Amino acid sequence: MHEMAMADSILKSVIENAKNNDAIKVLDVVVEFGQLALLNPEQVKFMLDVLSEDTIAEGANFVIESIPIEIKCGECDYLGTVDGENLDHYAPIIQCPKCDTRHIEVLNGKDVIVKKITIDKDPVNDKNIENDKIDCYKDKIKKDDD
């Protein structure tokens, strides 16, 4: 179950970056999943909620957004997106939507990225901050097989 490992990596990155920015609480986290990451967003979100218990991220709003698959075709030079919604989870096969060849280069859609973390800071200990809620990080999470 690679969703558990991915949720754990995401949460570790969120907590580390929140603490590096003197957070007392993580409020919101936006994570982008490439369609070729082949992760179940609902499972990852559930695991993030469970794993974040008893951490500064407990109760955070985890939002998962999809990154479409972008390709360049080696046959017809098509450059654009491909529908990745119905890919086989175990053996995804990508074809050019224009000429149906498999001779393509994947340009985007494989990554998992922590796009935005909104934190709450203690205004008493941070005199340089005007607002006690800030956005602190964008991080690419690597899958074990990358």
# chains A, B, ... in the order shown; residues from 1 in each chain; ligands from 1
call {"tool": "residues_around", "arguments": {"residues": "Leu107 in chain A", "least_positions_apart": "2", "cutoff": "8 Å", "atoms": "only C-alpha atoms", "output": "PyMOL selection string"}}
result
chain A and resi 69-72+105+109
call {"tool": "residues_around", "arguments": {"residues": "Leu79 in chain A", "least_positions_apart": "2", "cutoff": "12 Å", "atoms": "only C-alpha atoms", "output": "list in words"}}
result
Ile69, Glu70, Ile71, Lys72, Cys73, Gly74, Glu75, Cys76, Asp77, Thr81, Val82, Cys96, Pro97, Lys98, Cys99, Ile104, Glu105, Val106, Leu107 and Asn108 of chain A
call {"tool": "write_last_selection", "arguments": {"atoms": "C-alpha atoms", "output": "mmCIF file, in the first residue's frame"}}
result
data_model
loop_
_atom_site.group_PDB
_atom_site.id
_atom_site.type_symbol
_atom_site.label_atom_id
_atom_site.label_comp_id
_atom_site.auth_asym_id
_atom_site.auth_seq_id
_atom_site.Cartn_x
_atom_site.Cartn_y
_atom_site.Cartn_z
ATOM 1 C CA ILE A 69 -0.737 14.153 -17.696
ATOM 2 C CA GLU A 70 1.065 16.260 -20.290
ATOM 3 C CA ILE A 71 2.841 14.585 -23.196
ATOM 4 C CA LYS A 72 4.771 15.265 -26.353
ATOM 5 C CA CYS A 73 4.205 12.779 -29.168
ATOM 6 C CA GLY A 74 7.246 11.483 -31.013
ATOM 7 C CA GLU A 75 5.218 10.716 -34.139
ATOM 8 C CA CYS A 76 2.819 13.608 -34.768
ATOM 9 C CA ASP A 77 4.339 16.234 -32.412
ATOM 10 C CA THR A 81 -2.802 16.677 -22.035
ATOM 11 C CA VAL A 82 -4.024 13.104 -21.962
ATOM 12 C CA CYS A 96 -1.212 10.007 -28.070
ATOM 13 C CA PRO A 97 -4.845 11.164 -28.335
ATOM 14 C CA LYS A 98 -4.195 12.407 -31.877
ATOM 15 C CA CYS A 99 -2.431 9.462 -33.582
ATOM 16 C CA ILE A 104 5.449 9.684 -26.339
ATOM 17 C CA GLU A 105 7.410 11.642 -23.763
ATOM 18 C CA VAL A 106 5.669 12.380 -20.461
ATOM 19 C CA LEU A 107 6.300 16.027 -19.574
ATOM 20 C CA ASN A 108 4.140 16.359 -16.460
#
call {"tool": "residues_around", "arguments": {"residues": "Tyr90 in chain A", "least_positions_apart": "5", "cutoff": "12 Å", "atoms": "only C-alpha atoms", "output": "compact mmCIF listing (two decimals) with N, CA and C atoms, in the first residue's frame"}}
result
# COMPACT_ATOMS: atom_id res chain seq x y z
N LEU A 36 -0.29 10.26 -13.01
CA LEU A 36 0.57 9.08 -13.14
C LEU A 36 1.23 8.67 -11.83
N ALA A 37 0.99 9.40 -10.75
CA ALA A 37 1.48 8.96 -9.44
C ALA A 37 0.70 7.73 -9.00
N LEU A 38 -0.48 7.53 -9.61
CA LEU A 38 -1.31 6.35 -9.37
C LEU A 38 -1.63 6.15 -7.89
N LEU A 39 -2.03 7.26 -7.26
CA LEU A 39 -2.42 7.23 -5.85
C LEU A 39 -3.92 7.47 -5.74
call {"tool": "select_by_dssp", "arguments": {"residues": "chain A", "states": "alpha helix (DSSP H)", "output": "PyMOL selection string"}}
result
chain A and resi 2-20+41-51
call {"tool": "write_last_selection", "arguments": {"atoms": "N, CA and C atoms", "output": "tab-separated table (two decimals), in the first residue's frame"}}
result
chain	number	residue	atom	x	y	z
A	2	HIS	N	1.20	1.77	-1.19
A	2	HIS	CA	2.10	2.91	-1.26
A	2	HIS	C	1.41	4.21	-0.86
A	3	GLU	N	0.09	4.23	-0.72
A	3	GLU	CA	-0.61	5.42	-0.23
A	3	GLU	C	-0.19	5.76	1.20
A	4	MET	N	0.00	4.74	2.03
A	4	MET	CA	0.43	4.95	3.41
A	4	MET	C	1.83	5.57	3.45
A	5	ALA	N	2.74	5.02	2.68
A	5	ALA	CA	4.10	5.56	2.64
A	5	ALA	C	4.10	6.99	2.12
A	6	MET	N	3.29	7.26	1.11
A	6	MET	CA	3.23	8.62	0.57
A	6	MET	C	2.62	9.59	1.58
A	7	ALA	N	1.56	9.19	2.26
A	7	ALA	CA	0.95	10.04	3.28
A	7	ALA	C	1.96	10.35	4.38
A	8	ASP	N	2.73	9.35	4.79
A	8	ASP	CA	3.74	9.54	5.82
A	8	ASP	C	4.81	10.54	5.35
A	9	SER	N	5.26	10.41	4.11
A	9	SER	CA	6.27	11.34	3.57
A	9	SER	C	5.73	12.76	3.47
A	10	ILE	N	4.50	12.89	3.02
A	10	ILE	CA	3.88	14.21	2.92
A	10	ILE	C	3.79	14.86	4.29
A	11	LEU	N	3.29	14.10	5.26
A	11	LEU	CA	3.11	14.65	6.60
A	11	LEU	C	4.44	15.05	7.22
A	12	LYS	N	5.46	14.24	7.06
A	12	LYS	CA	6.79	14.57	7.59
A	12	LYS	C	7.30	15.87	6.99
A	13	SER	N	7.11	16.04	5.68
A	13	SER	CA	7.53	17.27	5.01
A	13	SER	C	6.76	18.48	5.52
A	14	VAL	N	5.45	18.31	5.68
A	14	VAL	CA	4.60	19.41	6.18
A	14	VAL	C	5.04	19.82	7.58
A	15	ILE	N	5.20	18.87	8.47
A	15	ILE	CA	5.56	19.17	9.86
A	15	ILE	C	6.95	19.79	9.93
A	16	GLU	N	7.90	19.24	9.20
A	16	GLU	CA	9.26	19.79	9.21
A	16	GLU	C	9.27	21.24	8.74
A	17	ASN	N	8.58	21.51	7.64
A	17	ASN	CA	8.58	22.87	7.11
A	17	ASN	C	7.77	23.83	7.97
A	18	ALA	N	6.71	23.35	8.58
A	18	ALA	CA	5.94	24.19	9.50
A	18	ALA	C	6.80	24.55	10.71
A	19	LYS	N	7.48	23.58	11.27
A	19	LYS	CA	8.33	23.85	12.43
A	19	LYS	C	9.49	24.78	12.07
A	20	ASN	N	10.05	24.61	10.87
A	20	ASN	CA	11.13	25.50	10.43
A	20	ASN	C	10.66	26.94	10.30
A	41	PRO	N	-6.53	9.44	-4.05
A	41	PRO	CA	-6.56	10.64	-3.22
A	41	PRO	C	-7.37	10.49	-1.93
A	42	GLU	N	-8.48	9.77	-1.98
A	42	GLU	CA	-9.30	9.60	-0.78
A	42	GLU	C	-8.56	8.81	0.29
A	43	GLN	N	-7.83	7.78	-0.14
A	43	GLN	CA	-7.06	6.99	0.82
A	43	GLN	C	-5.93	7.81	1.44
A	44	VAL	N	-5.23	8.58	0.60
A	44	VAL	CA	-4.13	9.40	1.13
A	44	VAL	C	-4.68	10.45	2.09
A	45	LYS	N	-5.78	11.09	1.74
A	45	LYS	CA	-6.38	12.10	2.62
A	45	LYS	C	-6.78	11.48	3.96
A	46	PHE	N	-7.40	10.32	3.92
A	46	PHE	CA	-7.78	9.62	5.16
A	46	PHE	C	-6.54	9.33	6.00
A	47	MET	N	-5.49	8.82	5.37
A	47	MET	CA	-4.27	8.49	6.11
A	47	MET	C	-3.59	9.73	6.66
A	48	LEU	N	-3.64	10.84	5.92
A	48	LEU	CA	-3.09	12.09	6.44
A	48	LEU	C	-3.83	12.53	7.70
A	49	ASP	N	-5.15	12.41	7.66
A	49	ASP	CA	-5.95	12.76	8.84
A	49	ASP	C	-5.60	11.89	10.04
A	50	VAL	N	-5.42	10.59	9.81
A	50	VAL	CA	-5.10	9.67	10.90
A	50	VAL	C	-3.67	9.89	11.40
A	51	LEU	N	-2.71	9.98	10.49
A	51	LEU	CA	-1.31	10.14	10.88
A	51	LEU	C	-1.01	11.48	11.55
call {"tool": "select_by_dssp", "arguments": {"residues": "range 4-142 of chain A", "states": "strand (DSSP E)", "output": "compact mmCIF listing (two decimals) with N, CA and C atoms, in the first residue's frame"}}
result
# COMPACT_ATOMS: atom_id res chain seq x y z
N ALA A 23 5.87 27.42 13.36
CA ALA A 23 4.42 27.21 13.44
C ALA A 23 4.03 26.65 14.80
N ILE A 24 2.86 27.06 15.25
CA ILE A 24 2.27 26.41 16.41
C ILE A 24 1.14 25.49 15.98
N LYS A 25 0.67 25.68 14.73
CA LYS A 25 -0.43 24.87 14.20
C LYS A 25 -0.40 24.92 12.69
N VAL A 26 -0.67 23.77 12.05
CA VAL A 26 -0.86 23.72 10.61
C VAL A 26 -2.36 23.81 10.37
N LEU A 27 -2.76 24.75 9.53
CA LEU A 27 -4.18 24.99 9.27
C LEU A 27 -4.66 24.32 7.99
N ASP A 28 -3.93 24.54 6.90
CA ASP A 28 -4.32 24.02 5.59
C ASP A 28 -3.09 23.50 4.86
N VAL A 29 -3.29 22.45 4.08
CA VAL A 29 -2.23 21.90 3.25
C VAL A 29 -2.82 21.57 1.89
N VAL A 30 -2.19 22.08 0.83
CA VAL A 30 -2.61 21.75 -0.53
C VAL A 30 -1.53 20.87 -1.14
N VAL A 31 -1.95 19.69 -1.60
CA VAL A 31 -1.04 18.73 -2.21
C VAL A 31 -1.51 18.45 -3.62
N GLU A 32 -0.58 18.46 -4.57
CA GLU A 32 -0.90 18.13 -5.96
C GLU A 32 -0.42 16.71 -6.26
N PHE A 33 -1.30 15.92 -6.85
CA PHE A 33 -0.97 14.55 -7.27
C PHE A 33 -1.02 14.49 -8.79
N GLY A 34 0.09 14.09 -9.38
CA GLY A 34 0.07 13.80 -10.81
C GLY A 34 -0.77 12.56 -11.05
N ASN A 61 -6.79 21.07 7.30
CA ASN A 61 -7.60 20.80 6.11
C ASN A 61 -6.65 20.39 4.99
N PHE A 62 -6.64 19.11 4.64
CA PHE A 62 -5.80 18.60 3.56
C PHE A 62 -6.60 18.62 2.26
N VAL A 63 -6.11 19.37 1.28
CA VAL A 63 -6.77 19.48 -0.02
C VAL A 63 -5.86 18.82 -1.05
N ILE A 64 -6.44 17.92 -1.84
CA ILE A 64 -5.66 17.22 -2.86
C ILE A 64 -6.17 17.65 -4.23
N GLU A 65 -5.23 18.15 -5.05
CA GLU A 65 -5.55 18.58 -6.41
C GLU A 65 -4.85 17.66 -7.40
N SER A 66 -5.45 17.52 -8.57
CA SER A 66 -4.92 16.64 -9.60
C SER A 66 -4.07 17.41 -10.61
N ILE A 67 -2.93 16.84 -10.97
CA ILE A 67 -2.08 17.38 -12.03
C ILE A 67 -2.31 16.51 -13.27
N ILE A 69 -1.87 14.73 -16.97
CA ILE A 69 -0.74 14.15 -17.70
C ILE A 69 -0.51 15.00 -18.95
N GLU A 70 0.70 15.50 -19.10
CA GLU A 70 1.07 16.26 -20.29
C GLU A 70 2.10 15.46 -21.06
N ILE A 71 1.93 15.37 -22.37
CA ILE A 71 2.84 14.58 -23.20
C ILE A 71 3.29 15.37 -24.42
N LYS A 72 4.35 14.84 -25.02
CA LYS A 72 4.77 15.27 -26.35
C LYS A 72 4.88 13.99 -27.17
N CYS A 73 4.20 13.96 -28.31
CA CYS A 73 4.20 12.78 -29.17
C CYS A 73 5.43 12.79 -30.07
N LEU A 79 1.34 18.10 -28.57
CA LEU A 79 1.81 18.60 -27.29
C LEU A 79 0.57 19.01 -26.50
N GLY A 80 0.30 18.30 -25.42
CA GLY A 80 -0.89 18.62 -24.64
C GLY A 80 -1.18 17.56 -23.60
N THR A 81 -2.41 17.57 -23.12
CA THR A 81 -2.80 16.68 -22.03
C THR A 81 -3.45 15.40 -22.56
N VAL A 82 -3.43 14.40 -21.69
CA VAL A 82 -4.02 13.10 -21.96
C VAL A 82 -4.93 12.78 -20.79
N ILE A 104 5.70 8.37 -26.94
CA ILE A 104 5.45 9.68 -26.34
C ILE A 104 6.45 9.95 -25.23
N GLU A 105 6.60 11.23 -24.90
CA GLU A 105 7.41 11.64 -23.76
C GLU A 105 6.46 12.28 -22.76
N VAL A 106 6.50 11.80 -21.51
CA VAL A 106 5.67 12.38 -20.46
C VAL A 106 6.39 13.61 -19.92
N LEU A 107 5.72 14.77 -20.02
CA LEU A 107 6.30 16.03 -19.57
C LEU A 107 5.87 16.41 -18.16
N ASN A 108 4.66 15.99 -17.78
CA ASN A 108 4.14 16.36 -16.46
C ASN A 108 3.08 15.34 -16.06
N VAL A 112 4.27 14.27 -6.99
CA VAL A 112 3.44 14.61 -5.84
C VAL A 112 4.12 15.82 -5.21
N ILE A 113 3.38 16.92 -5.10
CA ILE A 113 3.98 18.18 -4.65
C ILE A 113 3.15 18.77 -3.51
N VAL A 114 3.83 19.07 -2.41
CA VAL A 114 3.19 19.86 -1.36
C VAL A 114 3.25 21.29 -1.85
N LYS A 115 2.12 21.79 -2.30
CA LYS A 115 2.06 23.09 -2.96
C LYS A 115 1.98 24.25 -1.97
N LYS A 116 1.23 24.07 -0.89
CA LYS A 116 1.00 25.19 0.02
C LYS A 116 0.70 24.67 1.42
N ILE A 117 1.33 25.29 2.40
CA ILE A 117 1.07 24.99 3.80
C ILE A 117 0.70 26.31 4.47
N THR A 118 -0.46 26.36 5.08
CA THR A 118 -0.85 27.55 5.84
C THR A 118 -0.73 27.21 7.31
N ILE A 119 0.01 28.06 8.02
CA ILE A 119 0.29 27.79 9.43
C ILE A 119 -0.20 28.94 10.30
N ASP A 120 -0.27 28.65 11.57
CA ASP A 120 -0.56 29.66 12.58
C ASP A 120 0.70 29.83 13.40
N LYS A 121 1.14 31.07 13.54
CA LYS A 121 2.33 31.37 14.32
C LYS A 121 1.94 32.07 15.60
N LYS A 133 -1.13 34.10 10.25
CA LYS A 133 -1.31 32.95 9.36
C LYS A 133 -0.49 33.19 8.11
N ILE A 134 0.41 32.27 7.79
CA ILE A 134 1.26 32.44 6.63
C ILE A 134 1.31 31.15 5.81
N ASP A 135 1.72 31.28 4.57
CA ASP A 135 1.97 30.14 3.70
C ASP A 135 3.47 29.94 3.67
N ASP A 139 6.95 21.82 -1.85
CA ASP A 139 7.93 20.75 -1.79
C ASP A 139 7.49 19.61 -2.68
N LYS A 140 8.43 19.05 -3.42
CA LYS A 140 8.14 17.89 -4.25
C LYS A 140 8.48 16.65 -3.45
N ILE A 141 7.53 15.73 -3.37
CA ILE A 141 7.73 14.49 -2.63
C ILE A 141 8.08 13.41 -3.66
call {"tool": "closest_residue", "arguments": {"among": "A:Asn21, A:Glu53, A:Glu85, A:Tyr78", "to": "Asn40 in chain A", "atoms": "only C-alpha atoms"}}
result
A:Glu85
call {"tool": "atom_distance", "arguments": {"atom1": "CA of Asp88 in chain A", "atom2": "CA of Lys110 in chain A"}}
result
14.7 Å
call {"tool": "decode", "arguments": {"residues": "range 30-52 of chain A", "atoms": "N, CA and C atoms", "output": "short mmCIF file (atom, residue, chain, number, x, y, z; two decimals), in the first residue's frame"}}
result
data_model
loop_
_atom_site.label_atom_id
_atom_site.label_comp_id
_atom_site.auth_asym_id
_atom_site.auth_seq_id
_atom_site.Cartn_x
_atom_site.Cartn_y
_atom_site.Cartn_z
N VAL A 30 -2.19 22.08 0.83
CA VAL A 30 -2.61 21.75 -0.53
C VAL A 30 -1.53 20.87 -1.14
N VAL A 31 -1.95 19.69 -1.60
CA VAL A 31 -1.04 18.73 -2.21
C VAL A 31 -1.51 18.45 -3.62
N GLU A 32 -0.58 18.46 -4.57
CA GLU A 32 -0.90 18.13 -5.96
C GLU A 32 -0.42 16.71 -6.26
N PHE A 33 -1.30 15.92 -6.85
CA PHE A 33 -0.97 14.55 -7.27
C PHE A 33 -1.02 14.49 -8.79
N GLY A 34 0.09 14.09 -9.38
CA GLY A 34 0.07 13.80 -10.81
C GLY A 34 -0.77 12.56 -11.05
N GLN A 35 -1.52 12.55 -12.15
CA GLN A 35 -2.37 11.39 -12.43
C GLN A 35 -1.55 10.12 -12.61
N LEU A 36 -0.29 10.26 -13.01
CA LEU A 36 0.57 9.08 -13.14
C LEU A 36 1.23 8.67 -11.83
N ALA A 37 0.99 9.40 -10.75
CA ALA A 37 1.48 8.96 -9.44
C ALA A 37 0.70 7.73 -9.00
N LEU A 38 -0.48 7.53 -9.61
CA LEU A 38 -1.31 6.35 -9.37
C LEU A 38 -1.63 6.15 -7.89
N LEU A 39 -2.03 7.26 -7.26
CA LEU A 39 -2.42 7.23 -5.85
C LEU A 39 -3.92 7.47 -5.74
N ASN A 40 -4.52 6.87 -4.75
CA ASN A 40 -5.93 7.09 -4.49
C ASN A 40 -6.04 8.29 -3.55
N PRO A 41 -6.53 9.44 -4.05
CA PRO A 41 -6.56 10.64 -3.22
C PRO A 41 -7.37 10.49 -1.93
N GLU A 42 -8.48 9.77 -1.98
CA GLU A 42 -9.30 9.60 -0.78
C GLU A 42 -8.56 8.81 0.29
N GLN A 43 -7.83 7.78 -0.14
CA GLN A 43 -7.06 6.99 0.82
C GLN A 43 -5.93 7.81 1.44
N VAL A 44 -5.23 8.58 0.60
CA VAL A 44 -4.13 9.40 1.13
C VAL A 44 -4.68 10.45 2.09
N LYS A 45 -5.78 11.09 1.74
CA LYS A 45 -6.38 12.10 2.62
C LYS A 45 -6.78 11.48 3.96
N PHE A 46 -7.40 10.32 3.92
CA PHE A 46 -7.78 9.62 5.16
C PHE A 46 -6.54 9.33 6.00
N MET A 47 -5.49 8.82 5.37
CA MET A 47 -4.27 8.49 6.11
C MET A 47 -3.59 9.73 6.66
N LEU A 48 -3.64 10.84 5.92
CA LEU A 48 -3.09 12.09 6.44
C LEU A 48 -3.83 12.53 7.70
N ASP A 49 -5.15 12.41 7.66
CA ASP A 49 -5.95 12.76 8.84
C ASP A 49 -5.60 11.89 10.04
N VAL A 50 -5.42 10.59 9.81
CA VAL A 50 -5.10 9.67 10.90
C VAL A 50 -3.67 9.89 11.40
N LEU A 51 -2.71 9.98 10.49
CA LEU A 51 -1.31 10.14 10.88
C LEU A 51 -1.01 11.48 11.55
N SER A 52 -1.83 12.49 11.26
CA SER A 52 -1.57 13.81 11.83
C SER A 52 -2.07 13.96 13.27
#
